[in-house]
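K.L.:
As input, take data.txt (compact mmCIF, C-alpha atoms):
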# COMPACT_ATOMS: atom_id res chain seq x y z
CA MET G 5 95.18 49.32 79.61
CA SER G 6 94.28 45.67 80.03
CA PRO G 7 90.58 44.82 80.46
CA GLY G 8 90.91 44.12 84.15
CA ALA G 9 93.13 47.10 84.93
CA THR G 10 90.28 49.39 85.96
CA ASP G 11 88.77 46.88 88.36
CA GLY G 12 90.50 48.36 91.40
CA LEU G 13 89.22 51.90 90.83
CA ARG G 14 86.97 53.31 93.52
CA PHE G 15 85.08 55.52 91.04
CA ARG G 16 83.95 53.80 87.94
CA VAL G 17 81.28 53.61 85.24
CA THR G 18 80.98 50.21 83.63
CA ALA G 19 78.80 48.16 81.32
CA GLU G 20 79.64 45.04 83.35
CA PRO G 21 77.43 43.75 86.18
CA LEU G 22 78.33 45.31 89.53
CA ASP G 23 79.80 43.27 92.35
CA VAL G 24 78.95 44.50 95.82
CA ALA G 25 81.72 42.60 97.57
CA SER G 26 84.50 43.98 95.41
CA THR G 27 83.19 47.56 95.66
CA THR G 28 83.02 47.21 99.42
CA ALA G 29 86.53 45.75 99.60
CA LEU G 30 87.90 48.93 97.98
CA VAL G 31 87.03 51.07 101.01
CA ALA G 32 87.82 48.64 103.82
CA SER G 33 90.73 49.47 106.11
CA SER G 34 91.87 48.64 109.62
CA GLU G 35 90.79 52.09 110.95
CA CYS G 36 87.22 51.69 109.74
CA GLY G 37 84.71 50.09 112.06
CA ALA G 38 81.80 50.62 109.68
CA ILE G 39 81.09 50.17 106.01
CA THR G 40 77.67 51.09 104.68
CA CYS G 41 76.72 49.79 101.29
CA PHE G 42 73.90 51.27 99.22
CA ILE G 43 72.67 49.30 96.24
CA GLY G 44 70.38 51.00 93.75
CA VAL G 45 68.32 48.28 92.07
CA VAL G 46 66.10 48.40 89.00
CA ARG G 47 62.48 47.90 90.09
CA ASP G 48 59.57 46.64 88.07
CA HIS G 49 57.26 49.64 88.34
CA ASN G 50 57.41 53.41 88.06
CA ALA G 51 54.69 56.06 87.91
CA GLY G 52 52.01 53.41 87.44
CA ARG G 53 53.87 51.71 84.60
CA ARG G 54 55.17 48.17 84.48
CA VAL G 55 58.90 48.58 83.88
CA LEU G 56 60.66 45.98 81.72
CA TRP G 57 64.28 47.20 81.95
CA LEU G 58 66.34 50.40 82.09
CA ASP G 59 69.03 51.62 79.73
CA TYR G 60 71.66 53.82 81.36
CA GLU G 61 73.80 56.24 79.41
CA ALA G 62 76.72 58.13 80.98
CA TYR G 63 79.31 60.72 80.10
CA ALA G 64 81.87 58.49 81.74
CA PRO G 65 84.89 60.78 82.32
CA LEU G 66 82.70 63.51 83.77
CA ALA G 67 80.73 60.99 85.84
CA VAL G 68 83.94 59.73 87.43
CA LYS G 69 84.93 63.34 88.21
CA ALA G 70 81.48 63.93 89.73
CA PHE G 71 81.99 60.88 91.97
CA GLU G 72 85.36 62.30 93.06
CA THR G 73 83.68 65.65 93.77
CA ILE G 74 81.08 63.85 95.89
CA GLU G 75 83.82 62.19 97.92
CA GLY G 76 85.52 65.56 98.42
CA GLU G 77 82.26 67.12 99.63
CA SER G 78 81.67 64.15 101.93
CA ALA G 79 85.16 64.48 103.39
CA ASP G 80 84.45 68.14 104.23
CA ARG G 81 81.59 66.98 106.40
CA TRP G 82 82.79 63.55 107.55
CA PRO G 83 86.61 63.83 107.55
CA SER G 84 87.50 60.14 107.74
CA ILE G 85 85.08 58.98 105.08
CA ARG G 86 86.22 56.87 102.15
CA LEU G 87 83.84 56.16 99.27
CA ALA G 88 83.64 53.81 96.33
CA ILE G 89 80.97 54.43 93.67
CA HIS G 90 80.35 52.07 90.77
CA HIS G 91 77.60 52.77 88.25
CA ARG G 92 76.27 50.59 85.46
CA THR G 93 75.64 51.67 81.88
CA GLY G 94 73.65 49.96 79.16
CA ARG G 95 70.70 47.66 79.65
CA VAL G 96 70.08 46.77 83.28
CA GLU G 97 67.42 44.18 84.08
CA ILE G 98 64.84 44.23 86.88
CA GLY G 99 66.54 43.24 90.13
CA GLU G 100 70.03 44.09 88.94
CA ALA G 101 72.12 46.77 90.60
CA SER G 102 72.49 50.03 88.69
CA VAL G 103 74.69 51.66 91.32
CA VAL G 104 76.72 50.47 94.29
CA ILE G 105 78.05 52.90 96.87
CA ALA G 106 80.33 51.80 99.70
CA ALA G 107 81.13 54.27 102.48
CA ALA G 108 83.71 53.43 105.13
CA SER G 109 84.31 55.34 108.33
CA PRO G 110 85.68 54.67 111.82
CA HIS G 111 82.10 54.89 113.16
CA ARG G 112 78.73 53.89 111.72
CA ALA G 113 76.87 57.21 111.90
CA ASP G 114 79.19 58.83 109.38
CA ALA G 115 79.17 55.79 107.09
CA PHE G 116 75.37 55.77 106.93
CA ALA G 117 75.15 59.53 106.39
CA ALA G 118 77.83 59.62 103.69
CA ALA G 119 76.27 56.76 101.71
CA ARG G 120 72.93 58.57 101.75
CA TYR G 121 74.58 61.84 100.80
CA ALA G 122 76.40 60.17 97.92
CA ILE G 123 73.25 58.74 96.30
CA GLU G 124 71.38 62.03 96.68
CA ARG G 125 74.30 63.86 95.08
CA ILE G 126 74.67 61.32 92.26
CA LYS G 127 71.05 61.99 91.32
CA GLN G 128 71.83 65.71 91.26
CA ILE G 129 75.19 66.01 89.52
CA ALA G 130 76.36 62.75 87.92
CA PRO G 131 75.95 62.97 84.11
CA ILE G 132 74.02 59.72 83.88
CA TRP G 133 70.66 59.27 82.18
CA LYS G 134 68.17 56.44 82.22
CA ARG G 135 65.75 55.39 79.55
CA GLU G 136 62.85 53.47 80.95
CA HIS G 137 61.48 50.66 78.85
CA PHE G 138 57.98 49.90 80.08
CA GLU G 139 55.00 47.95 78.85
CA GLY G 140 53.73 50.00 75.93
CA GLY G 141 56.63 52.35 75.39
CA GLU G 142 59.87 53.94 76.48
CA THR G 143 60.88 57.31 77.86
CA TRP G 144 63.88 59.23 79.19
CA ILE G 145 63.61 59.91 82.91
CA GLU G 146 64.87 63.44 83.40
CA GLY G 147 65.45 64.82 86.88
CA ALA G 148 67.59 67.75 87.91
CA THR G 149 69.64 70.21 85.91
CA ALA G 150 73.18 69.10 86.67
CA ASP G 151 74.98 71.92 88.46
CA PRO G 152 77.69 71.03 91.00
CA LEU G 153 77.83 74.68 92.12
CA ASP G 154 74.15 74.81 93.10
CA GLU G 155 74.48 75.24 96.88
CA THR G 156 70.75 74.82 97.50
CA ALA G 157 70.82 71.34 95.96
CA ARG G 158 73.95 70.46 97.91
CA ARG G 159 72.39 71.59 101.18
CA ALA G 160 69.26 69.56 100.41
CA ALA G 161 71.42 66.45 99.92
CA PHE G 162 73.15 67.06 103.27
CA GLU G 163 69.80 67.52 104.98
CA ARG G 164 68.48 64.25 103.59
CA ALA G 165 71.67 62.52 104.71
CA CYS G 166 71.40 63.80 108.25
CA VAL G 167 67.75 63.20 109.13
CA MET J 22 87.49 77.87 65.25
CA ARG J 23 86.42 74.28 65.20
CA ILE J 24 84.85 72.58 68.19
CA THR J 25 83.48 69.17 68.99
CA ILE J 26 79.97 69.01 70.44
CA ARG J 27 78.93 65.95 72.46
CA LEU J 28 75.28 65.16 73.05
CA PHE J 29 73.64 62.72 75.40
CA ALA J 30 70.31 61.01 75.98
CA ARG J 31 67.36 62.92 74.49
CA LEU J 32 69.64 65.60 72.99
CA ARG J 33 71.62 62.91 71.20
CA GLU J 34 68.39 61.44 69.83
CA ILE J 35 67.10 64.78 68.59
CA ALA J 36 70.35 65.54 66.76
CA GLY J 37 70.76 61.94 65.59
CA ALA J 38 74.43 62.01 66.60
CA SER J 39 76.46 61.74 69.78
CA GLU J 40 79.26 63.87 68.39
CA LEU J 41 79.27 66.78 65.97
CA SER J 42 82.05 68.97 64.66
CA ARG J 43 81.13 72.61 64.05
CA ASP J 44 82.83 75.88 63.10
CA LEU J 45 82.09 78.87 65.32
CA PRO J 46 83.39 82.45 65.21
CA ASP J 47 86.39 83.18 67.43
CA GLY J 48 85.35 84.41 70.85
CA SER J 49 82.23 82.23 70.93
CA THR J 50 80.92 81.03 74.27
CA ALA J 51 79.19 77.79 75.21
CA ARG J 52 75.90 79.63 74.77
CA HIS J 53 76.81 80.48 71.20
CA ALA J 54 77.46 76.79 70.56
CA TRP J 55 74.07 76.01 72.08
CA ASP J 56 72.30 78.64 69.98
CA HIS J 57 74.01 77.27 66.89
CA LEU J 58 72.77 73.81 67.76
CA ALA J 59 69.23 75.00 68.49
CA GLY J 60 69.20 76.72 65.10
CA GLU J 61 70.14 73.48 63.46
CA PHE J 62 67.85 71.24 65.54
CA PRO J 63 64.84 73.32 66.68
CA ALA J 64 63.53 70.57 69.01
CA ILE J 65 66.62 71.08 71.15
CA ALA J 66 65.53 74.62 72.08
CA GLY J 67 63.07 73.19 74.62
CA TYR J 68 66.07 72.27 76.78
CA GLN J 69 67.36 75.85 76.93
CA ALA J 70 66.31 76.34 80.56
CA SER J 71 67.44 72.95 81.86
CA VAL J 72 70.63 72.12 79.96
CA SER J 73 74.08 72.05 81.56
CA CYS J 74 77.40 71.94 79.82
CA ALA J 75 80.92 70.66 80.25
CA VAL J 76 83.98 71.91 78.41
CA ASN J 77 86.92 69.54 78.01
CA GLU J 78 85.40 67.11 80.51
CA GLU J 79 84.83 69.68 83.28
CA TYR J 80 81.50 71.22 84.24
CA ALA J 81 81.31 74.74 82.80
CA ARG J 82 78.88 77.65 82.49
CA LEU J 83 77.14 78.74 79.31
CA THR J 84 79.18 81.93 79.61
CA THR J 85 82.45 79.96 79.30
CA ARG J 86 84.53 81.09 76.32
CA LEU J 87 85.45 78.39 73.88
CA HIS J 88 88.75 77.89 72.08
CA ASP J 89 89.75 76.12 68.92
CA GLY J 90 89.73 72.36 69.45
CA ASP J 91 87.53 72.50 72.57
CA ASP J 92 85.22 69.65 73.35
CA ILE J 93 81.84 70.82 74.64
CA ALA J 94 79.18 68.49 76.01
CA PHE J 95 75.54 69.46 76.46
CA LEU J 96 73.81 67.59 79.24
CA PRO J 97 70.04 67.28 79.57
CA PRO J 98 68.66 66.99 83.13
CA VAL J 99 70.22 63.97 84.80
CA SER J 100 68.59 60.86 86.16
CA GLY J 101 65.93 61.44 88.74
CA GLY J 102 64.20 58.83 90.83
CA ASN J 103 63.82 58.32 94.54
Go through the file and emit its structure as C-alpha cells.

P.N.:
Amino acid sequence: MSPGATDGLRFRVTAEPLDVASTTALVASSECGAITCFIGVVRDHNAGRRVLWLDYEAYAPLAVKAFETIEGESADRWPSIRLAIHHRTGRVEIGEASVVIAAASPHRADAFAAARYAIERIKQIAPIWKREHFEGGETWIEGATADPLDETARRAAFERACV
Amino acid sequence: MRITIRLFARLREIAGASELSRDLPDGSTARHAWDHLAGEFPAIAGYQASVSCAVNEEYARLTTRLHDGDDIAFLPPVSGGN
C-alpha cells in the first residue's frame, strides 16, 4: 500500500496530524444537509496538573473495528448517519487534535447527536490509551473497561447524546 | 499450543514487551493466558478485574477458547476524559 493510500478511509488511526477538512469531506454527500464535526483537542491542564503533552497508544486494527461498530450502532438509531473517525497516536501537543469525528445526516439534530454518541462510545470501547506528561511526572489515564457488549455503557452514551 | 500475547499501555510497560510468545496447554482459554501472564509478571494481577481481551483482532471474553497460533491482546482500561 502506498503511503497515501489510506488517506481516504473514514475510520483511521494515524501518527500524522489530523486534518478536519479532509475528514469532513469523507462524509459529505448531496443528501446531507448537516455535518457536525467534533474535534478532541489536547488541553494544558488535567486534575490540577499542568499538562505538557499526551502520548496516545492504540491497538490500531481493533480501534478501526471499534469505530465501524460505533457507526453501526449510530445507524441503528439514526438511519441516515454517516461517520468518519480519525484518531491520532504518538505524541500530541497542547492545542493539537487527538480525534476528529465528522457526522453527516440529512438533518442537523441527528448529526449533532451522532457526533456526541461517537465520542462517548470511543471513550468506552476504542482500544486507545493516553499517557499524560505533566509538570513533575507522567501517568497513564485509565478510564473504562473496554466491553462493546456492555449495554449499560451503550445506553449511557445514547442518553448523553440525546440530552 | 503456541500463542502470541499482545500488551498495551501500562501492561506493556509492566511486562517490558509489546508482544510475547508463550506455550499453553491445549484447551486453554483467554483466562488461562492471563493467569499465565500474571504468574510471570505479578504486577499485572492488579488488572484482573478491569482487563479486556481481543482474540485475533476481535473483542473476546476471558472464557474464549484459544487455538494454536492465536493472537491474544490484553487491554487495560481505555482512555477516559471528559

K.L.:
Could you write out as a PDB file with C-alpha atoms, keeping the file's coordinate frame the residues of chain J within 12 Å of chain G, counting only C-alpha atoms?

P.N.:
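Output saved as result_14.pdb:
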ATOM      1  CA  ARG J  27      78.930  65.950  72.460  1.00  0.00           C
ATOM      2  CA  LEU J  28      75.280  65.160  73.050  1.00  0.00           C
ATOM      3  CA  PHE J  29      73.640  62.720  75.400  1.00  0.00           C
ATOM      4  CA  ALA J  30      70.310  61.010  75.980  1.00  0.00           C
ATOM      5  CA  ARG J  31      67.360  62.920  74.490  1.00  0.00           C
ATOM      6  CA  LEU J  32      69.640  65.600  72.990  1.00  0.00           C
ATOM      7  CA  ARG J  33      71.620  62.910  71.200  1.00  0.00           C
ATOM      8  CA  GLU J  34      68.390  61.440  69.830  1.00  0.00           C
ATOM      9  CA  SER J  39      76.460  61.740  69.780  1.00  0.00           C
ATOM     10  CA  TYR J  68      66.070  72.270  76.780  1.00  0.00           C
ATOM     11  CA  GLN J  69      67.360  75.850  76.930  1.00  0.00           C
ATOM     12  CA  ALA J  70      66.310  76.340  80.560  1.00  0.00           C
ATOM     13  CA  SER J  71      67.440  72.950  81.860  1.00  0.00           C
ATOM     14  CA  VAL J  72      70.630  72.120  79.960  1.00  0.00           C
ATOM     15  CA  SER J  73      74.080  72.050  81.560  1.00  0.00           C
ATOM     16  CA  CYS J  74      77.400  71.940  79.820  1.00  0.00           C
ATOM     17  CA  ALA J  75      80.920  70.660  80.250  1.00  0.00           C
ATOM     18  CA  VAL J  76      83.980  71.910  78.410  1.00  0.00           C
ATOM     19  CA  ASN J  77      86.920  69.540  78.010  1.00  0.00           C
ATOM     20  CA  GLU J  78      85.400  67.110  80.510  1.00  0.00           C
ATOM     21  CA  GLU J  79      84.830  69.680  83.280  1.00  0.00           C
ATOM     22  CA  TYR J  80      81.500  71.220  84.240  1.00  0.00           C
ATOM     23  CA  ALA J  81      81.310  74.740  82.800  1.00  0.00           C
ATOM     24  CA  ARG J  82      78.880  77.650  82.490  1.00  0.00           C
ATOM     25  CA  LEU J  83      77.140  78.740  79.310  1.00  0.00           C
ATOM     26  CA  ILE J  93      81.840  70.820  74.640  1.00  0.00           C
ATOM     27  CA  ALA J  94      79.180  68.490  76.010  1.00  0.00           C
ATOM     28  CA  PHE J  95      75.540  69.460  76.460  1.00  0.00           C
ATOM     29  CA  LEU J  96      73.810  67.590  79.240  1.00  0.00           C
ATOM     30  CA  PRO J  97      70.040  67.280  79.570  1.00  0.00           C
ATOM     31  CA  PRO J  98      68.660  66.990  83.130  1.00  0.00           C
ATOM     32  CA  VAL J  99      70.220  63.970  84.800  1.00  0.00           C
ATOM     33  CA  SER J 100      68.590  60.860  86.160  1.00  0.00           C
ATOM     34  CA  GLY J 101      65.930  61.440  88.740  1.00  0.00           C
ATOM     35  CA  GLY J 102      64.200  58.830  90.830  1.00  0.00           C
ATOM     36  CA  ASN J 103      63.820  58.320  94.540  1.00  0.00           C
TER      37      ASN J 103
END

K.L.:
Would you mind telling me which residue in J:Gly37, J:Ala66, J:Asp89, J:Ile24 lies nearest to Ala54 (chain J) when using all atoms listed in the file?

P.N.:
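Among J:Gly37, J:Ala66, J:Asp89, J:Ile24, it is J:Ile24 that comes nearest to Ala54 (chain J).
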
K.L.:
Tell me, in Å to one decimal, how far CA of Thr18 (chain G) is from CA of Thr25 (chain J).

P.N.:
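Atom-to-atom, CA of Thr18 (chain G) to CA of Thr25 (chain J), that is 24.1 Å.
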
K.L.:
So how many Å separate CA of Gly140 (chain G) and CA of Leu58 (chain G), to one decimal?

P.N.:
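Interatomic distance here is 14.0 Å.
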
K.L.:
Report as a ChimeraX atom specification all protein, DNA and RNA residues lying within 9 Å of Ala106 (chain G), evaluated on all atoms listed in the file, omitting residues in the same chain fewer than 6 positions from it.

P.N.:
/G:24,27-31,39-43,86-90,115,119

K.L.:
Using Å and a single decimal, report how far CA of Gly76 (chain G) sits from CA of Arg14 (chain G).

P.N.:
13.3 Å

K.L.:
Go through G:Leu56, G:Cys166, G:Leu22, G:Ala32 one by one, measure the shortest atom-to-atom distance of each to Arg120 (chain G) using only C-alpha atoms, and give the residue with the smallest value.

P.N.:
G:Cys166

K.L.:
Might you pull out every residue within 8 Å of Glu100 (chain G), with all atoms listed in the file counted and same-chain residues fewer than 6 positions away left off, and present them as a PDB file with C-alpha atoms, keeping the file's coordinate frame?

P.N.:
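Below is the file out_15.pdb, written as the result:
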ATOM      1  CA  PRO G  21      77.430  43.750  86.180  1.00  0.00           C
ATOM      2  CA  VAL G  45      68.320  48.280  92.070  1.00  0.00           C
ATOM      3  CA  VAL G  46      66.100  48.400  89.000  1.00  0.00           C
TER       4      VAL G  46
END

K.L.:
Measuring between all atoms listed in the file, which one of G:Gly12, G:Pro83, G:Gly52, G:Pro110 shows the shortest distance to Cys36 (chain G)?

P.N.:
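For Cys36 (chain G), the nearest of the given residues is G:Pro110.
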
K.L.:
Choose the residue, out of G:Ala118, G:Ile105, G:Ile85, G:Val55, that has the smallest atom-to-atom separation from Phe15 (chain G); count only C-alpha atoms.

P.N.:
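Closest residue, counting only C-alpha atoms: G:Ile105.
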
K.L.:
For the point (79.0, 70.9, 68.4) in the file's frame, write as a VMD selection string all residues with an atom no more than 6 Å away, counting all atoms listed in the file.

P.N.:
chain J and resid 25 to 26 41 to 43
